[in-house]
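Reviewing the structure listed below.
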Amino acid sequence: MLAGPRLQVDYLDATPEALLAQDDTLAVFGFGADAPHHHDPRYLRVALEPFGDTRLERWRGTGPVSKGRDGDLAWAEDGALQFGVIEFDEPEPLPGEAANGEIARAAEYLYRKLIGFTAERGYPHLLRIWNYLDGITLGHGDEERYRVFCVGRARGLGEFDTAQLPAATAIGRVDGARRLQVYWLAGRSPGTPLENPRQVSAYRYPRQYGPQSPSFARAMLPPQPAAMPLLLSGTAAVVGHESRHADSVLAQLDETLANFDSLLAAARQRRPQLPGAFDAGTRLKVYVRDAEDMAAVAAALDRRYGERVPRILVHAAICRYELRVEIDGVHGG
């Protein structure tokens with residue numbers, strides 16, 4: 001019997017074959033159009049172009065890991081944690097359907113399937129979810145694709161307790177492919193959702209951000225006992241509920257990192273053993289909206305952290321058009 005879940009996240013200069021040969025590998029991710037291909041259900045290609053970095057992301061659990069594929073759904077499990085992914089091309093708009101209604105239908109279908117699958121397999125506790133969709137800020141007002149996606153996601157989640165919402169990221173593909181890709185980490189035991197004192201909880205955003213507030217927590221403390229890091233949601237230069245520094249990607253980067261300082265302080269009130277600042281036990285994924293800003297963001301992170309905080313930068317659209325950078329990742333262990 002497992003004492004508790006185990007998760008280790010690393011960015012590695014390796015081949016999928018080498019990482020997937022290890023029986024405790026729960027998932028492996030390759031980024032961009034040049035990422036290698038592999039048929040294993042634990043391997044996922046993510047259509048976000050990396051900045052000067054071809055490393056793979058590897059999730060290591062507790063071996064042996066079982067795995068499978070069923071149509072548009074692939075999965076891997078180690079008895080305590082489940083990795084899963086659903087990806088498919090968005091449906092065509094229906095006659096008379098509201099603008100961008102197809103992304104709502106796609107999100108509802110996907111989340112209903114996700115909820116049903118995790119419950120059926122005995123991993124009902126969603127810990128962390130990533131959502132990648134094209135054209136995330138296309139459309140005006142309530143017809144913006146991200147806002148419509150949030151409506152569909154909430155329908156798919158159903159009567160989900162907001163106090164148990166998972167950590168999450170919603171990011172825009174920039175390759176023009178209308179393919180919805182959602183992957184997750186779920187557990188047999190629940191984690192503890194965490195909010196940030198500097199920010200209004202996303203599920204309590206005011207009506208100005210759309211008819212359905214986003215369904216996620218700012219972070220997730222792992223189940224206990226566990227050898228797992230703090231799971232960090234996608235975080236940007238949002239203070240309260242308002243975006244800041246629309247004219248400066250570097251000012252937004254600084255504000256984003258200030259938000260993480262606040263979040264880590266809140267986490268340490270629950271888990272004092274967590275480091276109070278990003279360090280060698282942190283893994284960051286940095287999403288940059290404009291390709292021409294990527295070098296400046298990389299240089300700023302180099303100045304702040306040097307090589308002690310492993311990270312990957314990718315080109316991606318953020319869920320508000322005025323936001324230029326977003327960061328997620330894991331911290332501690």
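As shown in the structure tokens, the chain order sets the letters A, B, ...; within each chain, residues go from 1, and ligands are also counted from 1 in the order they appear.
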Expected answer as a VMD selection string: strand (DSSP E) residues in segment 55-259 of chain A: chain A and resid 56 to 60 66 to 70 73 to 77 81 to 89 125 to 134 167 to 173 179 to 187 192 to 194 219 to 221 230 to 235 238 to 239 242 to 243
All residues 6 Å or closer to segment 249-262 of chain A, only C-alpha atoms, same chain fewer than 4 positions away omitted, as number ranges by chain
A: 236-237, 245, 324
Atom pair atom CA of Asp78 of chain A + atom CA of Glu159 of chain A, distance 28.0 Å
Using only C-alpha atoms, the shortest atom-to-atom distance to Tyr183 of chain A among A:Leu12, A:Leu81, A:Leu44, A:Ile103 belongs to A:Leu44
So, counting only C-alpha atoms, which residue among A:Leu110, A:Ala99, A:Ile86, A:Leu73 is closest to Glu144 of chain A?
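Among the listed residues, the smallest separation from Glu144 of chain A belongs to A:Ala99.
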Neighbouring residues of Gly79 of chain A were defined as those with any atom within 12 Å, considering only C-alpha atoms; residues of the same chain fewer than 6 positions away were excluded. Please report them as an MDAnalysis selection string. chainID A and resid 1:6 24 26 61:67 121:123 186:189
Item to complete: Name all residues at most 8 Å from Tyr205 of chain A (count only C-alpha atoms; drop same-chain ones fewer than 4 positions away) and give them as an MDAnalysis selection string.
Response: chainID A and resid 200:201 209 213:214 241
List the spatial neighbours of Pro211 of chain A as a PyMOL selection string - criterion: any atom at most 8 Å away, only C-alpha atoms, same-chain residues fewer than 5 positions off excluded. chain A and resi 142+147+151
Mind running segment 44-118 of chain A against segment 283-306 of chain A at 10 Å and telling me each contacting residue's nearest atom pair with the distance in Å (one decimal), counting only C-alpha atoms, chain and number ascending, as JSON lines?
{"residue": "A:Leu48", "atom": "CA", "partner": "A:Tyr287", "partner_atom": "CA", "distance": 8.9}
{"residue": "A:Glu49", "atom": "CA", "partner": "A:Ala291", "partner_atom": "CA", "distance": 9.6}
{"residue": "A:Pro50", "atom": "CA", "partner": "A:Tyr287", "partner_atom": "CA", "distance": 9.3}
{"residue": "A:Phe51", "atom": "CA", "partner": "A:Met294", "partner_atom": "CA", "distance": 7.1}
{"residue": "A:Gly52", "atom": "CA", "partner": "A:Ala295", "partner_atom": "CA", "distance": 9.5}
{"residue": "A:Glu57", "atom": "CA", "partner": "A:Arg283", "partner_atom": "CA", "distance": 9.8}
Next, the residues of the selection above should be written as a compact mmCIF listing (two decimals), in the first residue's frame with N, CA, C and O atoms.
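Below you can see part_14.txt, which holds the result:
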# COMPACT_ATOMS: atom_id res chain seq x y z
N LEU A 48 2.98 24.48 -28.47
CA LEU A 48 3.47 25.80 -28.07
C LEU A 48 4.97 25.81 -28.32
O LEU A 48 5.70 24.96 -27.80
N GLU A 49 5.43 26.80 -29.11
CA GLU A 49 6.84 26.81 -29.52
C GLU A 49 7.75 27.27 -28.38
O GLU A 49 7.53 28.33 -27.79
N PRO A 50 8.78 26.48 -28.07
CA PRO A 50 9.70 26.87 -27.01
C PRO A 50 10.71 27.91 -27.51
O PRO A 50 10.98 28.01 -28.70
N PHE A 51 11.27 28.64 -26.56
CA PHE A 51 12.28 29.64 -26.87
C PHE A 51 13.65 29.04 -26.59
O PHE A 51 14.07 28.91 -25.43
N GLY A 52 14.34 28.63 -27.64
CA GLY A 52 15.70 28.14 -27.50
C GLY A 52 15.86 26.97 -26.57
O GLY A 52 16.88 26.84 -25.90
N GLU A 57 9.52 17.75 -20.72
CA GLU A 57 9.02 17.77 -19.34
C GLU A 57 8.62 16.35 -18.96
O GLU A 57 7.92 15.67 -19.71
| request: Run DSSP on the backbone and grab whatever in segment 260-321 of chain A lands in helix (DSSP H, G or I); send it over as a ChimeraX atom specification. | output: /A:260-270,291-305
Note to self: I'd like the contact shell of Gln164 of chain A - 8 Å cut-off, only C-alpha atoms, skipping same-chain residues fewer than 3 positions apart - returned as a ChimeraX atom specification.
What the structure shows: /A:160-161,192-193
With distances taken over only C-alpha atoms, the candidate from A:Arg45, A:Arg112, A:His39, A:Arg58 nearest Leu7 of chain A is A:Arg58
- Leaving out Gly276 of chain A and any residue of its chain fewer than 2 positions from it, which residues lie within 8 Å of it when counting only C-alpha atoms, given as a ChimeraX atom specification? /A:261,264-265,268,274,278
Output the selection as a PDB file, in the first residue's frame - N, CA, C and O atoms for each residue.
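Everything below was put into result.pdb:
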ATOM      1  N   ASP A 261       5.131  35.575  -4.734  1.00  0.00           N
ATOM      2  CA  ASP A 261       5.627  35.784  -3.370  1.00  0.00           C
ATOM      3  C   ASP A 261       4.473  35.733  -2.379  1.00  0.00           C
ATOM      4  O   ASP A 261       4.573  35.103  -1.311  1.00  0.00           O
ATOM      5  N   LEU A 264       3.126  32.061  -2.145  1.00  0.00           N
ATOM      6  CA  LEU A 264       3.992  31.188  -1.350  1.00  0.00           C
ATOM      7  C   LEU A 264       3.872  31.491   0.135  1.00  0.00           C
ATOM      8  O   LEU A 264       3.903  30.570   0.968  1.00  0.00           O
ATOM      9  N   ALA A 265       3.713  32.751   0.486  1.00  0.00           N
ATOM     10  CA  ALA A 265       3.523  33.095   1.894  1.00  0.00           C
ATOM     11  C   ALA A 265       2.233  32.478   2.424  1.00  0.00           C
ATOM     12  O   ALA A 265       2.195  31.957   3.550  1.00  0.00           O
ATOM     13  N   ARG A 268       2.784  28.744   2.897  1.00  0.00           N
ATOM     14  CA  ARG A 268       3.629  28.422   4.050  1.00  0.00           C
ATOM     15  C   ARG A 268       2.872  28.525   5.370  1.00  0.00           C
ATOM     16  O   ARG A 268       3.282  27.930   6.372  1.00  0.00           O
ATOM     17  N   LEU A 274       7.548  24.429   3.230  1.00  0.00           N
ATOM     18  CA  LEU A 274       7.765  24.891   1.857  1.00  0.00           C
ATOM     19  C   LEU A 274       8.773  26.035   1.833  1.00  0.00           C
ATOM     20  O   LEU A 274       8.692  26.951   2.663  1.00  0.00           O
ATOM     21  N   PHE A 278      11.281  30.946  -4.794  1.00  0.00           N
ATOM     22  CA  PHE A 278      11.623  30.000  -5.851  1.00  0.00           C
ATOM     23  C   PHE A 278      13.093  29.600  -5.735  1.00  0.00           C
ATOM     24  O   PHE A 278      13.964  30.446  -5.499  1.00  0.00           O
TER      25      PHE A 278
END
From the list A:Ile171, A:Leu323, A:Phe216, A:Phe83, the nearest residue to Asp247 of chain A using only C-alpha atoms is A:Leu323
### Query
Taking only C-alpha atoms into account, which of A:Ser233, A:Thr169, A:Gln8, A:Thr282 comes nearest Glu307 of chain A?
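Nearest candidate to Glu307 of chain A out of A:Ser233, A:Thr169, A:Gln8, A:Thr282: A:Thr282.
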* Please measure the separation of atom CA of Ala168 of chain A and atom CA of Arg153 of chain A, giving the value in Å to one decimal. =>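 Atom-to-atom, atom CA of Ala168 of chain A and atom CA of Arg153 of chain A are spaced 12.1 Å apart.
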Using only C-alpha atoms, the shortest atom-to-atom distance to Val148 of chain A among A:Ala106, A:Leu165, A:Ala202, A:Val182 belongs to A:Ala106
